[in-house]
Amino acid sequence: MFLVVLEALLCVLAFMFGACIFSFLNVIVYRLPRKLSFVKGFSMCPSCGQRLKAPDLVPVFSYLFLRGKCRYCKAAIGVRDTLVEILGGVLALLSAWKYIYKEENIAAFVVVFLFFCILTVVAFIDKDTMEIPDGCSIAIVLLAIAAALLPMVMPEVSLLSRVIGLVCVSLPMLLVTLAIPGAFGGGDIKLMAAAGLFLGWKLTVVSAAIAVLTGGIYGCWLLAAHKAGRKDQFAFGPFLCAGLGIGVLVGTYVIDWYMGFLVY
Ligand SMILES: [Zn+2]
C-alpha cells in the first residue's frame with residue numbers, strides 16, 4: 001500500500017516537473033521570435049495587460065481553477081499553452097518510466113528530456129513563424145556531442161551511426177530541394193542533420209518516415225477540405241519534431257516490427 005502511494009506521488013511529481021519546464025518553454029516560444037528577453041519582464045494577460053501573480057501561473061492547475069478565463073478581465077485564455085504544459089507532463093512521465101524506472105539511466109533521462117524541450121520549441125516556433133531558429137539545431141548538436149562523449153547515455157548508437165545519421169535524411173532533403181525549390185525549408189534540413197547526429201541513422205530514418213507519413217496525411221486533408229491549394233505551403237517542422245519525439249521513445253520497437261515483415 002505504502003509503495004503504491006509513493007509511486008503515485010512520484011508520478012505526480014514527474015508530471016508537474018515536466019509541466020513546469022514546458023510552461024517556461026511557452027515563454028521561449030513567444031519571446032524568441034520577437035527577440036525579447038526570457039528572464040526579464042513579467043507574465044501578463046494579453047487582453048487586459050494585468051501582471052499575473054504566482055497563483056495565476058501554476059501549470060495546468062491555474063487554467064483549470066480559473067476555468068480558462070483571466071482572473072481580472074474574464075477574457076478567455078488560449079488553451080494551447082495549457083496543452084503544451086500537459087504535453088510536458090506526459091513526456092516527463094514517459095521518459096522517467098523508460099529511462100529511470102526501466103533502465104535506471106538518469107543521464108539518458110536528462111539528455112532525452114532536453115531533446116524533447118528543444119523539439120517542442122522548434123515545433124511551435126515553426127508553426128507560428130514558418131522558420132526554425134538555428135540556435136535550436138545548434139542546441140541539438142551540443143546534445144549529440146554530450147551523448148557521444150558520455151557512452152552511458154546511448155550505448156547502442158555508435159559514432160559511425162551518428163556520422164551517417166548526419167547526412168542520411170538531410171542530404172536527400174537537400175537534393176530534393178535543389179531539384180524542386182521550396183520543397184523543404186533550410187531550417188528543416190539543418191534540424192534533421194543535427195537530429196541525425198544525435199540519434200544515429202536508424203532512429204533518424206524511422207523519424208523521417210513518421211514525419212513524411214503524418215505530414216502527407218495532413219497535406220492531403222488540407223487539400224481535401226479545401227483549406228489549402230496545391231501551391232500553398234505548411235510548416236513541416238512540427239511533423240519532423242513529432243516524428244523525432246516518437247522515434248526516440250518507440251523507434252526501436254518500430255524497427256523490430258518492420259524487420260519482422262522482412263524476415264518472413
Ligand atoms: Zn485579463
# chains A, B, ... in the order shown; residues from 1 in each chain; ligands from 1
call {"tool": "residues_near_ligand", "arguments": {"ligand": "ligand 1", "cutoff": "6 Å", "atoms": "only C-alpha atoms and all ligand atoms", "output": "list in words"}}
result
Cys45, Ser47, Cys48, Gln50, Cys70, Tyr72, Cys73 and Ala75 of chain A
call {"tool": "residues_around", "arguments": {"residues": "Leu94 in chain A", "least_positions_apart": "5", "cutoff": "10 Å", "atoms": "only C-alpha atoms", "output": "list in words"}}
result
Cys11, Ala14, Phe15, Gly88, Gly89, Tyr99, Ile100, Tyr101, Phe109, Phe113 and Leu249 of chain A
call {"tool": "residues_around", "arguments": {"residues": "range 243-245 of chain A", "least_positions_apart": "6", "cutoff": "7 Å", "atoms": "only C-alpha atoms", "output": "ChimeraX atom specification"}}
result
/A:116,207-208,210-211
call {"tool": "closest_residue", "arguments": {"among": "A:Val248, A:Lys40, A:Val110, A:Pro55", "to": "Leu143 in chain A", "atoms": "only C-alpha atoms"}}
result
A:Val110
call {"tool": "select_by_dssp", "arguments": {"residues": "range 39-179 of chain A", "states": "strand (DSSP E or B)", "output": "MDAnalysis selection string"}}
result
chainID A and resid 44 51 69 76
call {"tool": "closest_residue", "arguments": {"among": "A:Arg31, A:Lys231, A:His226, A:Lys102", "to": "Val121 in chain A", "atoms": "only C-alpha atoms"}}
result
A:Arg31
call {"tool": "residues_around", "arguments": {"residues": "range 17-30 of chain A", "least_positions_apart": "3", "cutoff": "9 Å", "atoms": "only C-alpha atoms", "output": "VMD selection string"}}
result
chain A and resid 12 to 14 33 to 34 36 to 38 43 57 to 60 81 to 82 84 to 93 113 117 to 118 120 to 122 124 to 125 128
call {"tool": "residues_around", "arguments": {"residues": "range 148-164 of chain A", "least_positions_apart": "6", "cutoff": "8 Å", "atoms": "only C-alpha atoms", "output": "list in words"}}
result
Asn105, Ala107, Ala108, Val111, Gly196, Leu197, Phe198, Leu199, Gly200, Trp201 and Lys202 of chain A
call {"tool": "closest_residue", "arguments": {"among": "A:Ala224, A:Ala235, A:Val212, A:Leu119", "to": "Gly182 in chain A", "atoms": "only C-alpha atoms"}}
result
A:Ala235
call {"tool": "closest_residue", "arguments": {"among": "A:Thr204, A:Lys98, A:Leu262, A:Leu240", "to": "Gly216 in chain A", "atoms": "only C-alpha atoms"}}
result
A:Leu240
call {"tool": "residues_around", "arguments": {"residues": "Ser137 in chain A", "least_positions_apart": "4", "cutoff": "9 Å", "atoms": "only C-alpha atoms", "output": "ChimeraX atom specification"}}
result
/A:118,122,132-133,141-142,187,190-195
call {"tool": "select_by_dssp", "arguments": {"residues": "range 181-261 of chain A", "states": "helix (DSSP H, G or I)", "output": "short mmCIF file (atom, residue, chain, number, x, y, z; two decimals) with all heavy atoms, in the first residue's frame"}}
result
data_model
loop_
_atom_site.label_atom_id
_atom_site.label_comp_id
_atom_site.auth_asym_id
_atom_site.auth_seq_id
_atom_site.Cartn_x
_atom_site.Cartn_y
_atom_site.Cartn_z
N GLY A 186 15.27 25.42 -45.36
CA GLY A 186 16.65 25.22 -44.89
C GLY A 186 16.67 24.81 -43.42
O GLY A 186 17.50 24.00 -43.01
N GLY A 187 15.75 25.37 -42.63
CA GLY A 187 15.67 25.03 -41.21
C GLY A 187 15.34 23.57 -40.99
O GLY A 187 15.90 22.92 -40.10
N ASP A 188 14.43 23.02 -41.82
CA ASP A 188 14.07 21.60 -41.72
C ASP A 188 15.29 20.72 -41.96
O ASP A 188 15.52 19.72 -41.27
CB ASP A 188 13.00 21.23 -42.77
CG ASP A 188 11.68 21.96 -42.54
OD1 ASP A 188 11.41 22.33 -41.38
OD2 ASP A 188 10.94 22.14 -43.52
N ILE A 189 16.08 21.08 -43.00
CA ILE A 189 17.24 20.28 -43.38
C ILE A 189 18.29 20.30 -42.28
O ILE A 189 18.83 19.26 -41.89
CB ILE A 189 17.82 20.80 -44.72
CG1 ILE A 189 16.75 20.67 -45.83
CG2 ILE A 189 19.09 20.05 -45.10
CD1 ILE A 189 17.11 21.32 -47.13
N LYS A 190 18.54 21.52 -41.72
CA LYS A 190 19.53 21.63 -40.63
C LYS A 190 19.06 20.86 -39.40
O LYS A 190 19.86 20.20 -38.72
CB LYS A 190 19.76 23.11 -40.29
CG LYS A 190 20.63 23.83 -41.31
CD LYS A 190 20.88 25.26 -40.91
CE LYS A 190 20.02 26.18 -41.73
NZ LYS A 190 20.25 27.62 -41.45
N LEU A 191 17.75 20.93 -39.12
CA LEU A 191 17.20 20.20 -37.97
C LEU A 191 17.45 18.70 -38.10
O LEU A 191 17.90 18.04 -37.15
CB LEU A 191 15.69 20.46 -37.87
CG LEU A 191 14.93 19.62 -36.83
CD1 LEU A 191 15.28 20.07 -35.42
CD2 LEU A 191 13.43 19.70 -37.05
N MET A 192 17.20 18.14 -39.31
CA MET A 192 17.36 16.69 -39.50
C MET A 192 18.83 16.28 -39.49
O MET A 192 19.15 15.17 -39.08
CB MET A 192 16.66 16.24 -40.79
CG MET A 192 15.15 16.28 -40.71
SD MET A 192 14.46 15.57 -39.19
CE MET A 192 14.67 13.82 -39.51
N ALA A 193 19.74 17.20 -39.94
CA ALA A 193 21.17 16.90 -39.86
C ALA A 193 21.58 16.81 -38.39
O ALA A 193 22.25 15.85 -37.96
CB ALA A 193 21.97 17.97 -40.59
N ALA A 194 21.16 17.80 -37.58
CA ALA A 194 21.52 17.82 -36.17
C ALA A 194 20.92 16.62 -35.43
O ALA A 194 21.59 15.95 -34.65
CB ALA A 194 21.04 19.13 -35.52
N ALA A 195 19.63 16.34 -35.72
CA ALA A 195 18.95 15.23 -35.04
C ALA A 195 19.59 13.89 -35.43
O ALA A 195 19.69 12.98 -34.61
CB ALA A 195 17.46 15.22 -35.39
N GLY A 196 20.05 13.79 -36.69
CA GLY A 196 20.71 12.57 -37.14
C GLY A 196 22.01 12.32 -36.39
O GLY A 196 22.33 11.18 -36.03
N LEU A 197 22.73 13.39 -36.13
CA LEU A 197 23.99 13.29 -35.37
C LEU A 197 23.69 12.83 -33.95
O LEU A 197 24.47 12.11 -33.33
CB LEU A 197 24.67 14.66 -35.35
CG LEU A 197 26.13 14.73 -34.92
CD1 LEU A 197 27.01 13.92 -35.85
CD2 LEU A 197 26.60 16.17 -34.85
N PHE A 198 22.54 13.22 -33.43
CA PHE A 198 22.16 12.86 -32.05
C PHE A 198 21.64 11.42 -31.98
O PHE A 198 22.04 10.65 -31.11
CB PHE A 198 21.11 13.85 -31.55
CG PHE A 198 20.58 13.54 -30.17
CD1 PHE A 198 21.43 13.45 -29.08
CD2 PHE A 198 19.22 13.34 -29.97
CE1 PHE A 198 20.95 13.16 -27.81
CE2 PHE A 198 18.73 13.05 -28.70
CZ PHE A 198 19.60 12.96 -27.63
N LEU A 199 20.76 11.04 -32.90
CA LEU A 199 20.05 9.76 -32.78
C LEU A 199 20.74 8.59 -33.47
O LEU A 199 20.42 7.45 -33.20
CB LEU A 199 18.64 9.89 -33.38
CG LEU A 199 17.67 10.83 -32.67
CD1 LEU A 199 16.35 10.87 -33.43
CD2 LEU A 199 17.45 10.38 -31.24
N TRP A 201 21.71 6.81 -37.40
CA TRP A 201 20.94 6.77 -38.65
C TRP A 201 19.63 6.00 -38.55
O TRP A 201 18.63 6.37 -39.17
CB TRP A 201 21.80 6.24 -39.80
CG TRP A 201 22.13 4.78 -39.75
CD1 TRP A 201 23.23 4.22 -39.16
CD2 TRP A 201 21.38 3.70 -40.31
NE1 TRP A 201 23.20 2.86 -39.31
CE2 TRP A 201 22.09 2.51 -40.01
CE3 TRP A 201 20.19 3.61 -41.04
CZ2 TRP A 201 21.63 1.25 -40.40
CZ3 TRP A 201 19.74 2.36 -41.44
CH2 TRP A 201 20.44 1.20 -41.12
N LYS A 202 19.58 4.92 -37.73
CA LYS A 202 18.37 4.09 -37.71
C LYS A 202 17.15 4.88 -37.23
O LYS A 202 16.11 4.93 -37.91
CB LYS A 202 18.58 2.88 -36.80
CG LYS A 202 19.44 1.80 -37.41
CD LYS A 202 19.47 0.59 -36.49
CE LYS A 202 20.57 -0.37 -36.91
NZ LYS A 202 20.88 -1.32 -35.85
N LEU A 203 17.27 5.48 -36.05
CA LEU A 203 16.13 6.21 -35.49
C LEU A 203 15.79 7.43 -36.34
O LEU A 203 14.63 7.84 -36.42
CB LEU A 203 16.42 6.64 -34.05
CG LEU A 203 16.47 5.52 -33.01
CD1 LEU A 203 16.69 6.09 -31.61
CD2 LEU A 203 15.20 4.69 -33.05
N THR A 204 16.82 8.02 -37.01
CA THR A 204 16.57 9.19 -37.85
C THR A 204 15.72 8.83 -39.06
O THR A 204 14.79 9.55 -39.43
CB THR A 204 17.91 9.81 -38.30
OG1 THR A 204 18.70 10.02 -37.14
CG2 THR A 204 17.69 11.12 -39.01
N VAL A 205 16.01 7.65 -39.66
CA VAL A 205 15.22 7.20 -40.80
C VAL A 205 13.78 6.92 -40.36
O VAL A 205 12.82 7.32 -41.03
CB VAL A 205 15.86 5.95 -41.45
CG1 VAL A 205 14.92 5.31 -42.45
CG2 VAL A 205 17.19 6.32 -42.11
N VAL A 206 13.63 6.24 -39.21
CA VAL A 206 12.28 5.95 -38.70
C VAL A 206 11.53 7.26 -38.45
O VAL A 206 10.36 7.41 -38.84
CB VAL A 206 12.35 5.12 -37.39
CG1 VAL A 206 10.97 4.98 -36.77
CG2 VAL A 206 12.96 3.76 -37.65
N SER A 207 12.21 8.23 -37.82
CA SER A 207 11.57 9.52 -37.50
C SER A 207 11.12 10.23 -38.77
O SER A 207 10.02 10.79 -38.84
CB SER A 207 12.54 10.42 -36.73
OG SER A 207 12.99 9.79 -35.57
N ALA A 208 12.01 10.22 -39.80
CA ALA A 208 11.67 10.89 -41.06
C ALA A 208 10.48 10.21 -41.71
O ALA A 208 9.59 10.88 -42.25
CB ALA A 208 12.89 10.88 -42.00
N ALA A 209 10.43 8.85 -41.63
CA ALA A 209 9.30 8.13 -42.22
C ALA A 209 8.00 8.51 -41.52
O ALA A 209 6.98 8.75 -42.17
CB ALA A 209 9.54 6.62 -42.11
N ILE A 210 8.03 8.61 -40.19
CA ILE A 210 6.83 9.01 -39.43
C ILE A 210 6.41 10.43 -39.83
O ILE A 210 5.23 10.72 -40.04
CB ILE A 210 7.09 8.93 -37.91
CG1 ILE A 210 7.37 7.48 -37.48
CG2 ILE A 210 5.90 9.49 -37.12
CD1 ILE A 210 7.86 7.33 -36.05
N ALA A 211 7.41 11.33 -39.99
CA ALA A 211 7.12 12.72 -40.34
C ALA A 211 6.49 12.82 -41.72
O ALA A 211 5.50 13.53 -41.93
CB ALA A 211 8.40 13.56 -40.26
N VAL A 212 7.06 12.07 -42.70
CA VAL A 212 6.54 12.13 -44.07
C VAL A 212 5.12 11.57 -44.12
O VAL A 212 4.23 12.11 -44.76
CB VAL A 212 7.48 11.36 -45.03
CG1 VAL A 212 6.81 11.15 -46.38
CG2 VAL A 212 8.79 12.13 -45.20
N LEU A 213 4.91 10.47 -43.36
CA LEU A 213 3.59 9.83 -43.33
C LEU A 213 2.54 10.78 -42.73
O LEU A 213 1.50 11.03 -43.34
CB LEU A 213 3.69 8.54 -42.50
CG LEU A 213 2.66 7.47 -42.77
CD1 LEU A 213 2.82 6.91 -44.17
CD2 LEU A 213 2.78 6.35 -41.73
N THR A 214 2.83 11.30 -41.52
CA THR A 214 1.84 12.16 -40.85
C THR A 214 1.69 13.48 -41.58
O THR A 214 0.57 13.98 -41.76
CB THR A 214 2.23 12.41 -39.38
OG1 THR A 214 3.57 12.88 -39.35
CG2 THR A 214 2.13 11.16 -38.55
N GLY A 215 2.81 14.07 -42.04
CA GLY A 215 2.73 15.32 -42.79
C GLY A 215 1.98 15.15 -44.09
O GLY A 215 1.20 16.01 -44.50
N GLY A 216 2.19 14.00 -44.75
CA GLY A 216 1.49 13.71 -46.01
C GLY A 216 -0.01 13.59 -45.79
O GLY A 216 -0.81 14.13 -46.56
N ILE A 217 -0.40 12.87 -44.72
CA ILE A 217 -1.82 12.73 -44.39
C ILE A 217 -2.43 14.11 -44.13
O ILE A 217 -3.52 14.44 -44.62
CB ILE A 217 -2.02 11.80 -43.17
CG1 ILE A 217 -1.62 10.37 -43.55
CG2 ILE A 217 -3.45 11.85 -42.67
CD1 ILE A 217 -1.57 9.41 -42.36
N TYR A 218 -1.69 14.94 -43.38
CA TYR A 218 -2.18 16.29 -43.07
C TYR A 218 -2.34 17.12 -44.35
O TYR A 218 -3.35 17.81 -44.54
CB TYR A 218 -1.21 16.97 -42.09
CG TYR A 218 -1.58 18.39 -41.74
CD1 TYR A 218 -2.66 18.67 -40.92
CD2 TYR A 218 -0.84 19.48 -42.24
CE1 TYR A 218 -3.00 19.97 -40.59
CE2 TYR A 218 -1.17 20.77 -41.92
CZ TYR A 218 -2.25 21.03 -41.10
OH TYR A 218 -2.58 22.31 -40.79
N GLY A 219 -1.34 17.02 -45.25
CA GLY A 219 -1.39 17.76 -46.51
C GLY A 219 -2.59 17.33 -47.36
O GLY A 219 -3.30 18.17 -47.93
N CYS A 220 -2.84 16.02 -47.43
CA CYS A 220 -3.99 15.51 -48.19
C CYS A 220 -5.29 16.02 -47.58
O CYS A 220 -6.23 16.41 -48.30
CB CYS A 220 -4.00 13.98 -48.19
SG CYS A 220 -2.66 13.28 -49.15
N TRP A 221 -5.34 16.02 -46.25
CA TRP A 221 -6.54 16.51 -45.56
C TRP A 221 -6.78 17.99 -45.89
O TRP A 221 -7.91 18.41 -46.16
CB TRP A 221 -6.40 16.30 -44.05
CG TRP A 221 -7.55 16.85 -43.28
CD1 TRP A 221 -8.78 16.29 -43.12
CD2 TRP A 221 -7.60 18.11 -42.60
NE1 TRP A 221 -9.59 17.11 -42.38
CE2 TRP A 221 -8.90 18.23 -42.04
CE3 TRP A 221 -6.66 19.13 -42.39
CZ2 TRP A 221 -9.28 19.36 -41.30
CZ3 TRP A 221 -7.04 20.24 -41.65
CH2 TRP A 221 -8.33 20.35 -41.12
N LEU A 222 -5.68 18.79 -45.90
CA LEU A 222 -5.80 20.22 -46.23
C LEU A 222 -6.39 20.39 -47.62
O LEU A 222 -7.27 21.23 -47.85
CB LEU A 222 -4.43 20.91 -46.17
CG LEU A 222 -3.86 21.27 -44.81
CD1 LEU A 222 -2.54 22.00 -44.98
CD2 LEU A 222 -4.83 22.13 -44.01
N LEU A 223 -5.89 19.58 -48.58
CA LEU A 223 -6.36 19.68 -49.96
C LEU A 223 -7.82 19.24 -50.05
O LEU A 223 -8.65 19.92 -50.67
CB LEU A 223 -5.51 18.80 -50.88
CG LEU A 223 -4.11 19.33 -51.23
CD1 LEU A 223 -3.35 18.30 -52.04
CD2 LEU A 223 -4.20 20.65 -51.99
N ALA A 224 -8.12 18.09 -49.40
CA ALA A 224 -9.48 17.53 -49.49
C ALA A 224 -10.49 18.47 -48.85
O ALA A 224 -11.62 18.60 -49.34
CB ALA A 224 -9.51 16.15 -48.81
N GLY A 237 8.06 21.46 -39.97
CA GLY A 237 8.82 21.27 -38.73
C GLY A 237 8.05 20.53 -37.64
O GLY A 237 8.61 19.61 -37.02
N PRO A 238 6.77 20.88 -37.38
CA PRO A 238 6.05 20.17 -36.33
C PRO A 238 5.98 18.66 -36.59
O PRO A 238 6.05 17.87 -35.64
CB PRO A 238 4.66 20.80 -36.37
CG PRO A 238 4.90 22.18 -36.89
CD PRO A 238 6.03 22.04 -37.87
N PHE A 239 5.87 18.25 -37.86
CA PHE A 239 5.80 16.82 -38.18
C PHE A 239 7.16 16.16 -37.98
O PHE A 239 7.24 15.03 -37.48
CB PHE A 239 5.28 16.62 -39.60
CG PHE A 239 3.89 17.12 -39.77
CD1 PHE A 239 3.64 18.38 -40.28
CD2 PHE A 239 2.81 16.34 -39.37
CE1 PHE A 239 2.35 18.87 -40.40
CE2 PHE A 239 1.52 16.81 -39.49
CZ PHE A 239 1.29 18.08 -40.01
N LEU A 240 8.24 16.88 -38.37
CA LEU A 240 9.58 16.35 -38.13
C LEU A 240 9.80 16.17 -36.63
O LEU A 240 10.32 15.15 -36.19
CB LEU A 240 10.63 17.31 -38.71
CG LEU A 240 10.70 17.37 -40.24
CD1 LEU A 240 11.65 18.48 -40.68
CD2 LEU A 240 11.16 16.04 -40.80
N CYS A 241 9.38 17.17 -35.84
CA CYS A 241 9.59 17.11 -34.39
C CYS A 241 8.78 15.97 -33.78
O CYS A 241 9.28 15.23 -32.92
CB CYS A 241 9.21 18.43 -33.73
SG CYS A 241 10.33 19.75 -34.17
N ALA A 242 7.51 15.81 -34.23
CA ALA A 242 6.69 14.71 -33.72
C ALA A 242 7.34 13.38 -34.09
O ALA A 242 7.44 12.46 -33.27
CB ALA A 242 5.28 14.80 -34.30
N GLY A 243 7.83 13.26 -35.34
CA GLY A 243 8.49 12.04 -35.78
C GLY A 243 9.72 11.74 -34.93
O GLY A 243 9.94 10.60 -34.51
N LEU A 244 10.52 12.78 -34.66
CA LEU A 244 11.74 12.59 -33.86
C LEU A 244 11.40 12.19 -32.43
O LEU A 244 12.04 11.31 -31.84
CB LEU A 244 12.58 13.88 -33.87
CG LEU A 244 13.25 14.22 -35.20
CD1 LEU A 244 13.75 15.65 -35.20
CD2 LEU A 244 14.40 13.26 -35.48
N GLY A 245 10.36 12.83 -31.87
CA GLY A 245 9.95 12.50 -30.50
C GLY A 245 9.48 11.07 -30.40
O GLY A 245 9.89 10.32 -29.49
N ILE A 246 8.63 10.65 -31.35
CA ILE A 246 8.14 9.27 -31.35
C ILE A 246 9.30 8.32 -31.62
O ILE A 246 9.41 7.26 -31.01
CB ILE A 246 7.02 9.10 -32.42
CG1 ILE A 246 5.81 9.97 -32.05
CG2 ILE A 246 6.61 7.64 -32.56
CD1 ILE A 246 4.78 10.10 -33.16
N GLY A 247 10.21 8.74 -32.54
CA GLY A 247 11.38 7.91 -32.86
C GLY A 247 12.22 7.60 -31.64
O GLY A 247 12.65 6.47 -31.44
N VAL A 248 12.46 8.62 -30.79
CA VAL A 248 13.27 8.40 -29.59
C VAL A 248 12.57 7.41 -28.66
O VAL A 248 13.20 6.48 -28.13
CB VAL A 248 13.48 9.73 -28.82
CG1 VAL A 248 14.16 9.47 -27.49
CG2 VAL A 248 14.30 10.68 -29.65
N LEU A 249 11.27 7.58 -28.47
CA LEU A 249 10.56 6.78 -27.46
C LEU A 249 10.33 5.35 -27.92
O LEU A 249 10.55 4.42 -27.15
CB LEU A 249 9.22 7.44 -27.11
CG LEU A 249 9.30 8.63 -26.14
CD1 LEU A 249 7.93 9.25 -25.95
CD2 LEU A 249 9.88 8.19 -24.79
N VAL A 250 9.86 5.16 -29.17
CA VAL A 250 9.46 3.81 -29.59
C VAL A 250 10.11 3.37 -30.90
O VAL A 250 9.74 2.34 -31.45
CB VAL A 250 7.92 3.70 -29.73
CG1 VAL A 250 7.24 3.98 -28.40
CG2 VAL A 250 7.39 4.66 -30.79
N GLY A 251 11.11 4.16 -31.40
CA GLY A 251 11.72 3.85 -32.69
C GLY A 251 12.27 2.44 -32.78
O GLY A 251 12.12 1.77 -33.80
N THR A 252 12.90 1.96 -31.70
CA THR A 252 13.50 0.62 -31.75
C THR A 252 12.41 -0.45 -31.92
O THR A 252 12.62 -1.44 -32.61
CB THR A 252 14.32 0.32 -30.48
OG1 THR A 252 13.54 0.67 -29.34
CG2 THR A 252 15.61 1.10 -30.46
N TYR A 253 11.23 -0.24 -31.29
CA TYR A 253 10.12 -1.20 -31.46
C TYR A 253 9.62 -1.17 -32.90
O TYR A 253 9.29 -2.21 -33.48
CB TYR A 253 8.97 -0.87 -30.51
CG TYR A 253 9.38 -0.81 -29.06
CD1 TYR A 253 9.34 0.39 -28.37
CD2 TYR A 253 9.83 -1.95 -28.41
CE1 TYR A 253 9.74 0.45 -27.04
CE2 TYR A 253 10.23 -1.90 -27.09
CZ TYR A 253 10.18 -0.69 -26.40
OH TYR A 253 10.60 -0.62 -25.11
N VAL A 254 9.55 0.06 -33.48
CA VAL A 254 9.11 0.18 -34.88
C VAL A 254 10.06 -0.59 -35.79
O VAL A 254 9.63 -1.31 -36.69
CB VAL A 254 9.02 1.67 -35.31
CG1 VAL A 254 8.66 1.78 -36.78
CG2 VAL A 254 7.99 2.41 -34.45
N ILE A 255 11.37 -0.45 -35.53
CA ILE A 255 12.37 -1.15 -36.36
C ILE A 255 12.18 -2.66 -36.25
O ILE A 255 12.13 -3.37 -37.25
CB ILE A 255 13.80 -0.75 -35.94
CG1 ILE A 255 14.05 0.73 -36.26
CG2 ILE A 255 14.83 -1.63 -36.65
CD1 ILE A 255 15.33 1.29 -35.67
N ASP A 256 12.04 -3.16 -35.00
CA ASP A 256 11.86 -4.61 -34.79
C ASP A 256 10.61 -5.12 -35.50
O ASP A 256 10.63 -6.17 -36.14
CB ASP A 256 11.75 -4.92 -33.29
CG ASP A 256 13.08 -4.74 -32.59
OD1 ASP A 256 14.10 -4.63 -33.30
OD2 ASP A 256 13.10 -4.67 -31.35
N TRP A 257 9.52 -4.36 -35.40
CA TRP A 257 8.25 -4.72 -36.01
C TRP A 257 8.39 -4.79 -37.53
O TRP A 257 7.96 -5.74 -38.18
CB TRP A 257 7.21 -3.68 -35.58
CG TRP A 257 5.90 -3.75 -36.29
CD1 TRP A 257 4.88 -4.64 -36.07
CD2 TRP A 257 5.44 -2.89 -37.34
NE1 TRP A 257 3.83 -4.38 -36.90
CE2 TRP A 257 4.14 -3.31 -37.69
CE3 TRP A 257 6.00 -1.79 -38.01
CZ2 TRP A 257 3.40 -2.69 -38.68
CZ3 TRP A 257 5.27 -1.17 -38.99
CH2 TRP A 257 3.98 -1.61 -39.32
N TYR A 258 9.09 -3.78 -38.09
CA TYR A 258 9.24 -3.71 -39.55
C TYR A 258 10.16 -4.83 -40.04
O TYR A 258 9.88 -5.47 -41.05
CB TYR A 258 9.81 -2.34 -39.92
CG TYR A 258 9.87 -2.10 -41.40
CD1 TYR A 258 8.70 -1.86 -42.12
CD2 TYR A 258 11.07 -2.13 -42.09
CE1 TYR A 258 8.75 -1.65 -43.50
CE2 TYR A 258 11.12 -1.92 -43.45
CZ TYR A 258 9.96 -1.68 -44.15
OH TYR A 258 10.00 -1.48 -45.49
N MET A 259 11.25 -5.08 -39.28
CA MET A 259 12.17 -6.14 -39.67
C MET A 259 11.48 -7.50 -39.63
O MET A 259 11.80 -8.38 -40.42
CB MET A 259 13.39 -6.17 -38.73
CG MET A 259 14.28 -4.94 -38.85
SD MET A 259 14.74 -4.56 -40.53
CE MET A 259 16.36 -5.26 -40.60
N GLY A 260 10.50 -7.63 -38.75
CA GLY A 260 9.73 -8.88 -38.65
C GLY A 260 9.08 -9.21 -39.98
O GLY A 260 9.01 -10.38 -40.38
N PHE A 261 8.62 -8.19 -40.71
CA PHE A 261 8.00 -8.40 -42.03
C PHE A 261 9.02 -8.88 -43.03
O PHE A 261 8.71 -9.69 -43.90
CB PHE A 261 7.40 -7.09 -42.55
CG PHE A 261 6.09 -6.75 -41.94
CD1 PHE A 261 5.96 -5.69 -41.07
CD2 PHE A 261 4.96 -7.52 -42.23
CE1 PHE A 261 4.76 -5.38 -40.50
CE2 PHE A 261 3.75 -7.22 -41.66
CZ PHE A 261 3.65 -6.14 -40.79
#
call {"tool": "atom_distance", "arguments": {"atom1": "CA of Asp232 in chain A", "atom2": "CA of Val79 in chain A"}}
result
26.8 Å
call {"tool": "atom_distance", "arguments": {"atom1": "CA of Leu83 in chain A", "atom2": "CA of Ile140 in chain A"}}
result
23.8 Å
call {"tool": "decode", "arguments": {"residues": "range 148-172 of chain A", "atoms": "C-alpha atoms", "output": "tab-separated table (two decimals), in the first residue's frame"}}
result
chain	number	residue	atom	x	y	z
A	148	ALA	CA	28.84	10.86	-27.89
A	149	LEU	CA	31.18	11.80	-25.02
A	150	LEU	CA	29.05	10.09	-22.32
A	151	PRO	CA	28.77	6.48	-23.55
A	152	MET	CA	26.18	5.58	-20.86
A	153	VAL	CA	23.58	7.91	-22.43
A	154	MET	CA	23.02	5.96	-25.68
A	155	PRO	CA	25.37	2.97	-25.66
A	156	GLU	CA	23.64	1.44	-28.71
A	157	VAL	CA	24.45	4.38	-31.04
A	158	SER	CA	27.98	4.27	-32.45
A	159	LEU	CA	29.98	7.25	-33.70
A	160	LEU	CA	29.74	5.88	-37.25
A	161	SER	CA	25.95	5.66	-36.92
A	162	ARG	CA	25.89	9.34	-35.82
A	163	VAL	CA	28.01	10.43	-38.82
A	164	ILE	CA	25.72	8.51	-41.21
A	165	GLY	CA	22.72	10.00	-39.36
A	166	LEU	CA	24.05	13.49	-40.06
A	167	VAL	CA	23.52	13.00	-43.82
A	168	CYS	CA	21.13	10.06	-44.35
A	169	VAL	CA	17.97	12.22	-44.21
A	170	SER	CA	19.31	15.77	-44.53
A	171	LEU	CA	21.20	15.10	-47.78
A	172	PRO	CA	18.20	13.60	-49.66
